[in-house]
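Chemist: Here you go, work_11.cif (mmCIF, C-alpha atoms and all ligand atoms):
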```
data_data
loop_
_atom_site.label_atom_id
_atom_site.label_comp_id
_atom_site.auth_asym_id
_atom_site.auth_seq_id
_atom_site.Cartn_x
_atom_site.Cartn_y
_atom_site.Cartn_z
CA MET A 97 0.00 0.00 0.00
CA GLU A 98 2.98 2.29 0.38
CA ASN A 99 2.85 3.34 -3.25
CA GLN A 100 -0.98 3.27 -3.21
CA ILE A 101 -1.15 0.48 -5.78
CA THR A 102 -3.17 -2.61 -4.87
CA LYS A 103 -3.03 -5.75 -7.00
CA LEU A 104 -6.04 -8.10 -7.01
CA ALA A 105 -5.41 -11.39 -8.80
CA GLY A 106 -8.09 -13.89 -9.83
CA LYS A 107 -7.62 -17.66 -9.84
CA ASN A 108 -8.17 -17.95 -13.59
CA LEU A 109 -6.31 -16.46 -16.51
CA GLY A 110 -7.66 -13.19 -17.85
CA PRO A 111 -6.83 -9.62 -18.86
CA THR A 112 -4.77 -7.15 -16.84
CA LEU A 113 -6.80 -4.05 -16.01
CA ALA A 114 -6.10 -0.81 -14.16
CA ILE A 115 -8.51 1.41 -12.24
CA PHE A 116 -7.16 4.85 -11.39
CA ALA A 117 -8.59 7.43 -9.00
CA GLY A 118 -7.06 10.59 -7.59
CA VAL A 119 -5.23 11.63 -10.76
CA HIS A 120 -6.46 14.96 -9.44
CA GLY A 121 -6.04 14.71 -5.67
CA ASN A 122 -9.09 16.78 -4.76
CA GLU A 123 -11.57 14.61 -6.72
CA THR A 124 -12.82 12.47 -3.88
CA ALA A 125 -15.59 10.34 -5.40
CA GLY A 126 -13.26 7.98 -7.26
CA VAL A 127 -10.88 7.65 -4.31
CA LEU A 128 -13.77 6.60 -2.04
CA ALA A 129 -15.01 4.13 -4.67
CA LEU A 130 -11.51 2.70 -4.90
CA ASP A 131 -11.46 2.22 -1.09
CA TRP A 132 -14.72 0.31 -1.45
CA ALA A 133 -13.35 -1.77 -4.34
CA ARG A 134 -10.22 -2.70 -2.36
CA ASP A 135 -12.40 -4.27 0.37
CA ASN A 136 -15.27 -5.67 -1.69
CA LEU A 137 -14.25 -6.70 -5.21
CA GLN A 138 -14.21 -10.41 -5.97
CA VAL A 139 -11.88 -10.80 -8.93
CA ASN A 140 -12.37 -14.22 -10.52
CA SER A 141 -9.90 -14.01 -13.38
CA GLY A 142 -7.07 -11.86 -14.62
CA THR A 143 -5.43 -9.06 -12.65
CA VAL A 144 -6.85 -5.73 -11.49
CA TYR A 145 -4.65 -2.90 -10.25
CA LEU A 146 -6.34 -0.31 -8.02
CA VAL A 147 -4.23 2.85 -8.16
CA VAL A 148 -4.40 6.09 -6.18
CA ALA A 149 -2.65 7.92 -8.98
CA ASN A 150 -1.45 11.23 -7.54
CA ALA A 151 -0.93 9.71 -4.11
CA GLU A 152 0.77 12.76 -2.55
CA ALA A 153 -1.89 15.16 -3.83
CA VAL A 154 -4.67 12.92 -2.47
CA ALA A 155 -2.90 12.83 0.91
CA ALA A 156 -2.65 16.64 0.80
CA GLY A 157 -6.26 17.10 -0.36
CA ALA A 158 -4.90 19.15 -3.27
CA ARG A 159 -5.51 18.89 -7.02
CA GLN A 160 -1.78 18.48 -7.62
CA ILE A 161 1.61 18.92 -5.94
CA ASN A 162 3.60 20.60 -8.75
CA LYS A 163 1.72 20.02 -11.99
CA ASN A 164 -1.38 18.49 -13.57
CA LEU A 165 -0.70 14.74 -13.59
CA ASN A 166 -3.29 14.33 -16.35
CA ARG A 167 -1.05 16.19 -18.80
CA CYS A 168 2.06 14.16 -17.92
CA PHE A 169 1.21 10.79 -19.53
CA LEU A 170 3.61 11.26 -22.44
CA ALA A 171 6.20 8.69 -23.47
CA GLY A 172 9.70 10.08 -22.86
CA ASN A 173 8.68 12.21 -19.86
CA ASP A 174 11.93 13.20 -18.13
CA GLY A 175 10.73 15.96 -15.81
CA ASN A 176 11.82 16.47 -12.20
CA ALA A 177 8.53 17.25 -10.43
CA TYR A 178 6.82 14.72 -8.14
CA GLU A 179 4.17 14.16 -10.82
CA ASP A 180 6.89 13.37 -13.40
CA SER A 181 8.45 10.61 -11.30
CA ARG A 182 4.99 9.29 -10.39
CA VAL A 183 3.84 9.27 -14.03
CA ARG A 184 6.86 7.24 -15.11
CA GLU A 185 5.89 4.61 -12.53
CA LEU A 186 2.26 4.69 -13.67
CA MET A 187 3.09 4.53 -17.40
CA GLN A 188 5.20 1.44 -16.73
CA LEU A 189 2.21 -0.12 -14.96
CA LEU A 190 -0.14 0.83 -17.83
CA ASP A 191 2.29 -0.65 -20.37
CA GLY A 192 1.50 -4.02 -18.78
CA CYS A 193 -2.29 -3.44 -18.80
CA ASP A 194 -4.90 -4.13 -21.47
CA ALA A 195 -7.35 -1.42 -20.40
CA LEU A 196 -7.76 1.51 -18.01
CA LEU A 197 -10.72 3.04 -16.19
CA ASP A 198 -9.86 6.44 -14.68
CA LEU A 199 -12.28 8.03 -12.19
CA HIS A 200 -12.52 11.81 -12.02
CA ALA A 201 -15.05 14.38 -10.77
CA SER A 202 -15.80 17.95 -11.69
CA THR A 203 -14.41 20.72 -9.50
CA SER A 204 -17.68 22.62 -10.04
CA ASP A 205 -20.29 22.10 -7.32
CA GLN A 206 -22.66 20.42 -9.75
CA SER A 207 -21.89 18.80 -13.08
CA THR A 208 -23.44 16.43 -15.59
CA PRO A 209 -21.53 13.14 -15.46
CA PHE A 210 -19.80 12.17 -18.68
CA VAL A 211 -17.17 9.90 -20.17
CA ILE A 212 -13.98 10.96 -21.97
CA CYS A 213 -12.56 8.43 -24.42
CA GLU A 214 -11.56 7.90 -28.05
CA PRO A 215 -13.62 5.87 -30.58
CA PRO A 216 -12.16 2.39 -29.84
CA SER A 217 -13.59 2.71 -26.30
CA PHE A 218 -17.12 3.84 -27.30
CA THR A 219 -18.68 0.36 -27.03
CA ILE A 220 -17.67 -0.01 -23.38
CA ALA A 221 -18.33 3.64 -22.52
CA LYS A 222 -21.92 3.33 -23.73
CA LEU A 223 -22.55 0.66 -21.07
CA PHE A 224 -21.94 3.07 -18.18
CA GLY A 225 -25.30 4.82 -18.53
CA VAL A 226 -23.92 8.38 -18.47
CA PRO A 227 -25.78 10.88 -20.68
CA LEU A 228 -22.74 12.07 -22.62
CA ILE A 229 -19.55 10.72 -24.16
CA SER A 230 -16.91 13.25 -25.11
CA THR A 231 -14.04 12.59 -27.48
CA GLY A 232 -11.24 14.27 -29.42
CA TRP A 233 -9.26 15.27 -26.33
CA ASP A 234 -6.00 13.55 -27.14
CA ALA A 235 -5.51 15.79 -30.18
CA ILE A 236 -6.02 19.08 -28.27
CA GLU A 237 -4.85 18.18 -24.73
CA PRO A 238 -2.26 15.39 -24.96
CA GLY A 239 -0.87 13.72 -21.85
CA ALA A 240 -4.07 12.37 -20.28
CA THR A 241 -4.43 8.80 -19.02
CA ASP A 242 -7.07 7.76 -21.58
CA GLY A 243 -5.04 9.28 -24.43
CA TYR A 244 -1.95 7.36 -23.31
CA MET A 245 -3.87 4.10 -23.62
CA PHE A 246 -5.42 5.17 -26.95
CA ARG A 247 -1.97 5.86 -28.42
CA ALA A 248 -0.92 2.35 -27.38
CA GLY A 249 -3.95 0.89 -29.19
CA LYS A 250 -5.69 0.03 -25.93
CA ILE A 251 -8.91 0.85 -24.11
CA GLY A 252 -8.76 4.00 -21.96
CA ILE A 253 -11.88 5.47 -20.37
CA CYS A 254 -12.18 8.42 -18.04
CA VAL A 255 -15.46 8.96 -16.15
CA GLU A 256 -16.29 12.37 -14.70
CA CYS A 257 -18.42 11.48 -11.66
CA TYR A 258 -20.60 14.56 -10.95
CA GLY A 259 -19.53 17.72 -9.09
CA LYS A 260 -17.93 18.21 -5.69
CA ALA A 261 -21.27 19.02 -3.99
CA GLU A 262 -22.75 15.75 -5.31
CA LEU A 263 -20.40 13.32 -3.59
CA ASP A 264 -22.92 10.53 -2.91
CA ALA A 265 -24.01 10.44 -6.55
CA GLY A 266 -20.36 10.62 -7.62
CA VAL A 267 -19.29 7.68 -5.46
CA ALA A 268 -22.30 5.64 -6.66
CA LEU A 269 -21.44 6.30 -10.31
CA ALA A 270 -17.75 5.54 -9.71
CA LYS A 271 -18.61 2.17 -8.06
CA GLU A 272 -21.07 1.28 -10.82
CA SER A 273 -18.49 2.21 -13.48
CA ILE A 274 -15.90 -0.04 -11.81
CA LEU A 275 -18.32 -2.99 -11.77
CA ARG A 276 -19.53 -2.54 -15.36
CA PHE A 277 -15.98 -2.05 -16.66
CA LEU A 278 -14.73 -5.19 -14.92
CA ALA A 279 -17.83 -7.19 -15.88
CA TYR A 280 -17.32 -6.26 -19.55
CA PHE A 281 -13.90 -7.95 -19.39
CA GLY A 282 -15.37 -10.92 -17.52
CA VAL A 283 -13.15 -10.57 -14.47
CA VAL A 284 -16.02 -10.08 -11.97
CA ASP A 285 -19.57 -11.44 -11.88
CA TYR A 286 -21.97 -8.53 -12.07
CA SER A 287 -25.28 -8.23 -13.88
CA TYR A 288 -27.09 -4.98 -14.50
CA GLN A 289 -29.77 -3.45 -16.68
CA PRO A 290 -28.03 -2.06 -19.78
CA PRO A 291 -28.84 1.61 -20.50
CA LEU A 292 -31.96 2.11 -22.60
CA ARG A 293 -30.84 5.32 -24.28
CA GLU A 294 -27.68 6.12 -26.24
CA PRO A 295 -25.60 8.94 -24.80
CA LYS A 296 -24.95 12.10 -26.79
CA LEU A 297 -21.54 12.43 -28.43
CA PHE A 298 -19.50 15.60 -27.95
CA CYS A 299 -16.34 16.14 -30.02
CA ALA A 300 -13.81 18.57 -28.57
CA GLN A 301 -12.19 20.69 -31.28
CA ALA A 302 -10.07 23.41 -29.71
CA ALA A 303 -8.63 24.30 -26.33
CA ILE A 304 -8.40 28.09 -26.04
CA ARG A 305 -5.52 29.35 -23.90
CA LYS A 306 -5.47 32.57 -21.93
CA GLN A 307 -3.17 35.16 -23.50
CA THR A 308 -3.46 38.19 -21.22
CA ASP A 309 -4.61 39.26 -17.74
CA ASP A 310 -7.28 41.30 -19.50
CA PHE A 311 -9.59 38.31 -20.05
CA SER A 312 -13.34 38.20 -19.48
CA PHE A 313 -16.26 36.05 -20.55
CA ALA A 314 -19.16 37.90 -22.18
CA ARG A 315 -21.63 36.21 -19.82
CA THR A 316 -21.95 33.15 -17.57
CA PHE A 317 -21.52 29.95 -19.56
CA PHE A 318 -22.34 26.40 -18.52
CA ASP A 319 -20.58 23.19 -19.51
CA PHE A 320 -21.86 21.67 -22.76
CA GLU A 321 -23.90 24.76 -23.59
CA VAL A 322 -24.77 25.21 -27.28
CA LEU A 323 -23.83 28.78 -28.24
CA ALA A 324 -25.88 31.14 -30.33
CA PRO A 325 -24.31 31.56 -33.79
CA GLY A 326 -22.06 34.62 -33.80
CA GLU A 327 -22.41 35.43 -30.11
CA LEU A 328 -19.44 36.94 -28.30
CA ILE A 329 -17.86 34.35 -26.00
CA ALA A 330 -14.94 36.17 -24.45
CA THR A 331 -12.47 39.02 -24.81
CA ASP A 332 -8.75 38.45 -24.19
CA GLY A 333 -6.79 41.70 -24.60
CA ALA A 334 -7.40 42.73 -28.22
CA GLN A 335 -8.69 39.27 -29.20
CA LYS A 336 -12.43 38.56 -29.33
CA TYR A 337 -13.89 35.06 -29.59
CA PHE A 338 -17.20 34.58 -31.42
CA ALA A 339 -19.25 31.38 -31.67
CA GLN A 340 -19.64 29.53 -34.94
CA PRO A 341 -22.98 27.82 -35.72
CA GLY A 342 -23.47 24.69 -33.62
CA GLN A 343 -20.50 25.33 -31.40
CA VAL A 344 -20.57 24.09 -27.81
CA LEU A 345 -18.58 25.53 -24.91
CA LEU A 346 -16.97 23.56 -22.12
CA PHE A 347 -14.87 24.14 -18.97
CA PRO A 348 -14.99 27.97 -18.82
CA ASP A 349 -12.38 28.99 -16.26
CA ALA A 350 -11.81 32.74 -16.12
CA LYS A 351 -9.22 32.20 -13.37
CA ALA A 352 -6.92 30.11 -15.59
CA LYS A 353 -3.29 31.24 -15.64
CA ILE A 354 -1.84 32.83 -18.78
CA GLY A 355 -0.93 30.02 -21.17
CA ASP A 356 -3.45 27.60 -19.64
CA GLU A 357 -6.77 26.43 -21.06
CA VAL A 358 -9.48 29.01 -20.41
CA PHE A 359 -12.30 27.27 -22.32
CA VAL A 360 -12.86 24.47 -24.82
CA LEU A 361 -14.94 24.52 -28.01
CA GLY A 362 -16.51 21.57 -29.76
CA ARG A 363 -19.77 20.30 -31.20
CA TYR A 364 -22.29 17.51 -30.90
CA GLU A 365 -21.97 14.79 -33.53
CA GLU A 366 -23.48 11.40 -34.39
CA PHE A 367 -21.75 8.15 -33.44
ZN ZN U 1 -9.92 15.20 -12.78
#
```
Show the structure stored in the file as structure tokens.
Modeler:
Amino acid sequence: MENQITKLAGKNLGPTLAIFAGVHGNETAGVLALDWARDNLQVNSGTVYLVVANAEAVAAGARQINKNLNRCFLAGNDGNAYEDSRVRELMQLLDGCDALLDLHASTSDQSTPFVICEPPSFTIAKLFGVPLISTGWDAIEPGATDGYMFRAGKIGICVECYGKAELDAGVALAKESILRFLAYFGVVDYSYQPPLREPKLFCAQAAIRKQTDDFSFARTFFDFEVLAPGELIATDGAQKYFAQPGQVLLFPDAKAKIGDEVFVLGRYEEF
């Protein structure tokens, strides 16, 4: 437990799977679900690693120690921060795994739950029963856990388990996601009612970075909001951002540092 990695091995042969929580140390729902899994999962076959990913940040109750761990999953990482040494350990573990489930939560008080993954993971992601699947992230924000698996030709799924004021719902979704993910690979026995409705599909297209201290949004925006064609989104120094038809806005964060992502644009598409 010292490195916060628990290995559960079944009696029979099977796949090697990883479940991460605490990639961001202040996202509690997944960490609590992982505690539950450690004590309650009955793994029949294969191997399951339960990983408190940014262990020091979780212990500190902070999002990160030095940097965003979910931008560090890049082959060849040779940085010196705590997250860099931790990510090298975690990438080595993932290199021996067939699939990854990574449990996150929104840092907003309330948030629609959704999945982040690339197309090879859609079939599994649709089983989780969340209303939205979002994709295209590896191209605009490389270095995330799911993107690392995608680049290796493997399954990588990140679930955003509600907001920080919705902890009970977040823990319940995180537990259910663990069970459905493991049941899909046949390593645990778990039966459930498959979702009746298909989720919506959101494709991320551009991460906009803050350029100046003179940044402001034109109004309050909500995650996954469809913008009015041509409406002013934000002003950043001399730069103005206007919405194109059908564009959707995500993760508005006026407090982002210069050079960091201040909002994301994308659109809804068909599977
Ligand atoms: Zn997160």
Chemist: Mind working out the centre and edge lengths of an axis-aligned box for segment 182-201 of chain A, all listed atoms inside, 5 Å added to each side, rounded to one decimal in Å and written as JSON?
Modeler:
```
{"center_x": -4.1, "center_y": 5.1, "center_z": -15.9, "size_x": 31.9, "size_y": 28.5, "size_z": 21.1}
```
Chemist: Can you tell me how far atom CA of Ser207 of chain A sits from atom CA of Gly266 of chain A, in Å to one decimal?
Modeler: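 For atom CA of Ser207 of chain A relative to atom CA of Gly266 of chain A, the distance reads 10.0 Å.
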Chemist: So, counting only C-alpha atoms, which residue among A:Ile220, A:Leu228, A:Leu113, A:Cys213 is closest to Arg247 of chain A?
Modeler: A:Cys213
Chemist: Which residue, A:Ala117, A:Ala240, A:Ala314, A:Leu197, has the smallest gap to Cys168 of chain A when you use only C-alpha atoms?
Modeler: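 Answer, going by the shortest atom-to-atom distance: A:Ala240.
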Chemist: List as a list of chain:residue names the protein and nucleic acid residues lying within 6 Å of ligand ZN 1 (chain U), with all atoms listed in the file counted.
Modeler: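 Answer in the requested format: A:His120, A:His200, A:Ala201.
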Chemist: Please dump the current selection as a CSV table (one decimal), in the frame of the given file; keep C-alpha atoms.
Modeler:
```csv
chain,number,residue,atom,x,y,z
A,120,HIS,CA,-6.5,15.0,-9.4
A,200,HIS,CA,-12.5,11.8,-12.0
A,201,ALA,CA,-15.0,14.4,-10.8
```
Chemist: Identify the residues within 9 Å of coordinate (-3.1, 13.7, -5.1) (same frame as the file), considering all atoms listed in the file, and give the answer as a PyMOL selection string.
Modeler: chain A and resi 118-123+148-161+165
Chemist: With the cut-off set at 12 Å and counting all atoms listed in the file, tabulate each residue of segment 197-307 of chain A with an atom at most that distance from an atom of segment 98-109 of chain A, showing the nearest atom pair and its distance in Å to one decimal, ordered by chain and increasing number, as CSV.
Modeler:
```
residue,atom,partner,partner_atom,distance
A:Phe281,CA,A:Leu109,CA,11.8
A:Gly282,CA,A:Leu109,CA,10.7
A:Val283,CA,A:Gly106,CA,7.6
A:Val284,CA,A:Gly106,CA,9.1
A:Asp285,CA,A:Gly106,CA,11.9
```
Chemist: If we count all atoms listed in the file, what is near Tyr337 of chain A at a cut-off of 9 Å, once residues fewer than 6 positions away on the same chain are taken out, given as a list in words?
Modeler: Glu327, Leu328, Ile329, Ala330 and Thr331 of chain A
Chemist: Please provide the set of residues having any atom within 12 Å of Ala302 of chain A, restricted to only C-alpha atoms, with same-chain residues fewer than 6 positions apart removed, written as a count of residues only.
Modeler: 19
Chemist: What separation in Å, quoted to one decimal, exists between atom CA of Ala171 of chain A and atom CA of Glu214 of chain A?
Modeler: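 So the answer is 18.4 Å.
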Chemist: Can I get a file of segment 147-249 of chain A from the given structure, C-alpha atoms kept, as a PDB file, in the first residue's frame?
Modeler:
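File written: out_18.pdb
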```pdb
ATOM      1  CA  VAL A 147      -4.233   2.850  -8.159  1.00  0.00           C
ATOM      2  CA  VAL A 148      -4.400   6.088  -6.183  1.00  0.00           C
ATOM      3  CA  ALA A 149      -2.650   7.925  -8.976  1.00  0.00           C
ATOM      4  CA  ASN A 150      -1.450  11.235  -7.544  1.00  0.00           C
ATOM      5  CA  ALA A 151      -0.927   9.710  -4.108  1.00  0.00           C
ATOM      6  CA  GLU A 152       0.769  12.759  -2.554  1.00  0.00           C
ATOM      7  CA  ALA A 153      -1.887  15.159  -3.828  1.00  0.00           C
ATOM      8  CA  VAL A 154      -4.665  12.922  -2.473  1.00  0.00           C
ATOM      9  CA  ALA A 155      -2.898  12.829   0.908  1.00  0.00           C
ATOM     10  CA  ALA A 156      -2.649  16.641   0.803  1.00  0.00           C
ATOM     11  CA  GLY A 157      -6.257  17.102  -0.364  1.00  0.00           C
ATOM     12  CA  ALA A 158      -4.904  19.150  -3.274  1.00  0.00           C
ATOM     13  CA  ARG A 159      -5.506  18.891  -7.016  1.00  0.00           C
ATOM     14  CA  GLN A 160      -1.777  18.484  -7.624  1.00  0.00           C
ATOM     15  CA  ILE A 161       1.609  18.920  -5.942  1.00  0.00           C
ATOM     16  CA  ASN A 162       3.600  20.601  -8.751  1.00  0.00           C
ATOM     17  CA  LYS A 163       1.723  20.020 -11.993  1.00  0.00           C
ATOM     18  CA  ASN A 164      -1.379  18.491 -13.571  1.00  0.00           C
ATOM     19  CA  LEU A 165      -0.699  14.743 -13.593  1.00  0.00           C
ATOM     20  CA  ASN A 166      -3.289  14.325 -16.347  1.00  0.00           C
ATOM     21  CA  ARG A 167      -1.047  16.194 -18.803  1.00  0.00           C
ATOM     22  CA  CYS A 168       2.064  14.157 -17.919  1.00  0.00           C
ATOM     23  CA  PHE A 169       1.214  10.792 -19.527  1.00  0.00           C
ATOM     24  CA  LEU A 170       3.608  11.265 -22.442  1.00  0.00           C
ATOM     25  CA  ALA A 171       6.203   8.685 -23.473  1.00  0.00           C
ATOM     26  CA  GLY A 172       9.700  10.080 -22.862  1.00  0.00           C
ATOM     27  CA  ASN A 173       8.678  12.213 -19.857  1.00  0.00           C
ATOM     28  CA  ASP A 174      11.926  13.196 -18.132  1.00  0.00           C
ATOM     29  CA  GLY A 175      10.727  15.965 -15.805  1.00  0.00           C
ATOM     30  CA  ASN A 176      11.815  16.467 -12.205  1.00  0.00           C
ATOM     31  CA  ALA A 177       8.526  17.247 -10.431  1.00  0.00           C
ATOM     32  CA  TYR A 178       6.819  14.724  -8.138  1.00  0.00           C
ATOM     33  CA  GLU A 179       4.166  14.164 -10.820  1.00  0.00           C
ATOM     34  CA  ASP A 180       6.887  13.373 -13.397  1.00  0.00           C
ATOM     35  CA  SER A 181       8.445  10.608 -11.302  1.00  0.00           C
ATOM     36  CA  ARG A 182       4.993   9.288 -10.385  1.00  0.00           C
ATOM     37  CA  VAL A 183       3.842   9.267 -14.028  1.00  0.00           C
ATOM     38  CA  ARG A 184       6.864   7.237 -15.110  1.00  0.00           C
ATOM     39  CA  GLU A 185       5.892   4.606 -12.526  1.00  0.00           C
ATOM     40  CA  LEU A 186       2.264   4.686 -13.666  1.00  0.00           C
ATOM     41  CA  MET A 187       3.086   4.528 -17.401  1.00  0.00           C
ATOM     42  CA  GLN A 188       5.200   1.437 -16.733  1.00  0.00           C
ATOM     43  CA  LEU A 189       2.208  -0.121 -14.962  1.00  0.00           C
ATOM     44  CA  LEU A 190      -0.136   0.829 -17.831  1.00  0.00           C
ATOM     45  CA  ASP A 191       2.285  -0.654 -20.370  1.00  0.00           C
ATOM     46  CA  GLY A 192       1.498  -4.018 -18.776  1.00  0.00           C
ATOM     47  CA  CYS A 193      -2.285  -3.442 -18.796  1.00  0.00           C
ATOM     48  CA  ASP A 194      -4.903  -4.130 -21.468  1.00  0.00           C
ATOM     49  CA  ALA A 195      -7.350  -1.423 -20.404  1.00  0.00           C
ATOM     50  CA  LEU A 196      -7.756   1.507 -18.013  1.00  0.00           C
ATOM     51  CA  LEU A 197     -10.723   3.040 -16.194  1.00  0.00           C
ATOM     52  CA  ASP A 198      -9.856   6.444 -14.683  1.00  0.00           C
ATOM     53  CA  LEU A 199     -12.284   8.026 -12.188  1.00  0.00           C
ATOM     54  CA  HIS A 200     -12.523  11.813 -12.018  1.00  0.00           C
ATOM     55  CA  ALA A 201     -15.046  14.376 -10.768  1.00  0.00           C
ATOM     56  CA  SER A 202     -15.799  17.950 -11.691  1.00  0.00           C
ATOM     57  CA  THR A 203     -14.412  20.723  -9.500  1.00  0.00           C
ATOM     58  CA  SER A 204     -17.682  22.624 -10.040  1.00  0.00           C
ATOM     59  CA  ASP A 205     -20.286  22.104  -7.320  1.00  0.00           C
ATOM     60  CA  GLN A 206     -22.657  20.422  -9.755  1.00  0.00           C
ATOM     61  CA  SER A 207     -21.892  18.801 -13.080  1.00  0.00           C
ATOM     62  CA  THR A 208     -23.440  16.427 -15.592  1.00  0.00           C
ATOM     63  CA  PRO A 209     -21.528  13.142 -15.457  1.00  0.00           C
ATOM     64  CA  PHE A 210     -19.797  12.170 -18.684  1.00  0.00           C
ATOM     65  CA  VAL A 211     -17.166   9.902 -20.165  1.00  0.00           C
ATOM     66  CA  ILE A 212     -13.982  10.963 -21.971  1.00  0.00           C
ATOM     67  CA  CYS A 213     -12.564   8.432 -24.425  1.00  0.00           C
ATOM     68  CA  GLU A 214     -11.559   7.900 -28.051  1.00  0.00           C
ATOM     69  CA  PRO A 215     -13.623   5.868 -30.585  1.00  0.00           C
ATOM     70  CA  PRO A 216     -12.159   2.386 -29.838  1.00  0.00           C
ATOM     71  CA  SER A 217     -13.587   2.712 -26.296  1.00  0.00           C
ATOM     72  CA  PHE A 218     -17.121   3.838 -27.295  1.00  0.00           C
ATOM     73  CA  THR A 219     -18.680   0.358 -27.025  1.00  0.00           C
ATOM     74  CA  ILE A 220     -17.669  -0.009 -23.377  1.00  0.00           C
ATOM     75  CA  ALA A 221     -18.327   3.638 -22.523  1.00  0.00           C
ATOM     76  CA  LYS A 222     -21.921   3.329 -23.728  1.00  0.00           C
ATOM     77  CA  LEU A 223     -22.547   0.657 -21.075  1.00  0.00           C
ATOM     78  CA  PHE A 224     -21.938   3.065 -18.184  1.00  0.00           C
ATOM     79  CA  GLY A 225     -25.298   4.816 -18.528  1.00  0.00           C
ATOM     80  CA  VAL A 226     -23.924   8.382 -18.467  1.00  0.00           C
ATOM     81  CA  PRO A 227     -25.777  10.884 -20.678  1.00  0.00           C
ATOM     82  CA  LEU A 228     -22.737  12.073 -22.616  1.00  0.00           C
ATOM     83  CA  ILE A 229     -19.552  10.721 -24.161  1.00  0.00           C
ATOM     84  CA  SER A 230     -16.913  13.251 -25.115  1.00  0.00           C
ATOM     85  CA  THR A 231     -14.037  12.587 -27.484  1.00  0.00           C
ATOM     86  CA  GLY A 232     -11.236  14.270 -29.424  1.00  0.00           C
ATOM     87  CA  TRP A 233      -9.263  15.269 -26.328  1.00  0.00           C
ATOM     88  CA  ASP A 234      -5.996  13.549 -27.143  1.00  0.00           C
ATOM     89  CA  ALA A 235      -5.514  15.789 -30.176  1.00  0.00           C
ATOM     90  CA  ILE A 236      -6.021  19.076 -28.272  1.00  0.00           C
ATOM     91  CA  GLU A 237      -4.853  18.182 -24.731  1.00  0.00           C
ATOM     92  CA  PRO A 238      -2.261  15.386 -24.963  1.00  0.00           C
ATOM     93  CA  GLY A 239      -0.871  13.724 -21.846  1.00  0.00           C
ATOM     94  CA  ALA A 240      -4.071  12.372 -20.276  1.00  0.00           C
ATOM     95  CA  THR A 241      -4.432   8.803 -19.024  1.00  0.00           C
ATOM     96  CA  ASP A 242      -7.071   7.756 -21.579  1.00  0.00           C
ATOM     97  CA  GLY A 243      -5.041   9.276 -24.425  1.00  0.00           C
ATOM     98  CA  TYR A 244      -1.952   7.360 -23.315  1.00  0.00           C
ATOM     99  CA  MET A 245      -3.869   4.096 -23.620  1.00  0.00           C
ATOM    100  CA  PHE A 246      -5.422   5.171 -26.946  1.00  0.00           C
ATOM    101  CA  ARG A 247      -1.973   5.864 -28.419  1.00  0.00           C
ATOM    102  CA  ALA A 248      -0.922   2.354 -27.376  1.00  0.00           C
ATOM    103  CA  GLY A 249      -3.950   0.894 -29.194  1.00  0.00           C
TER     104      GLY A 249
END
```
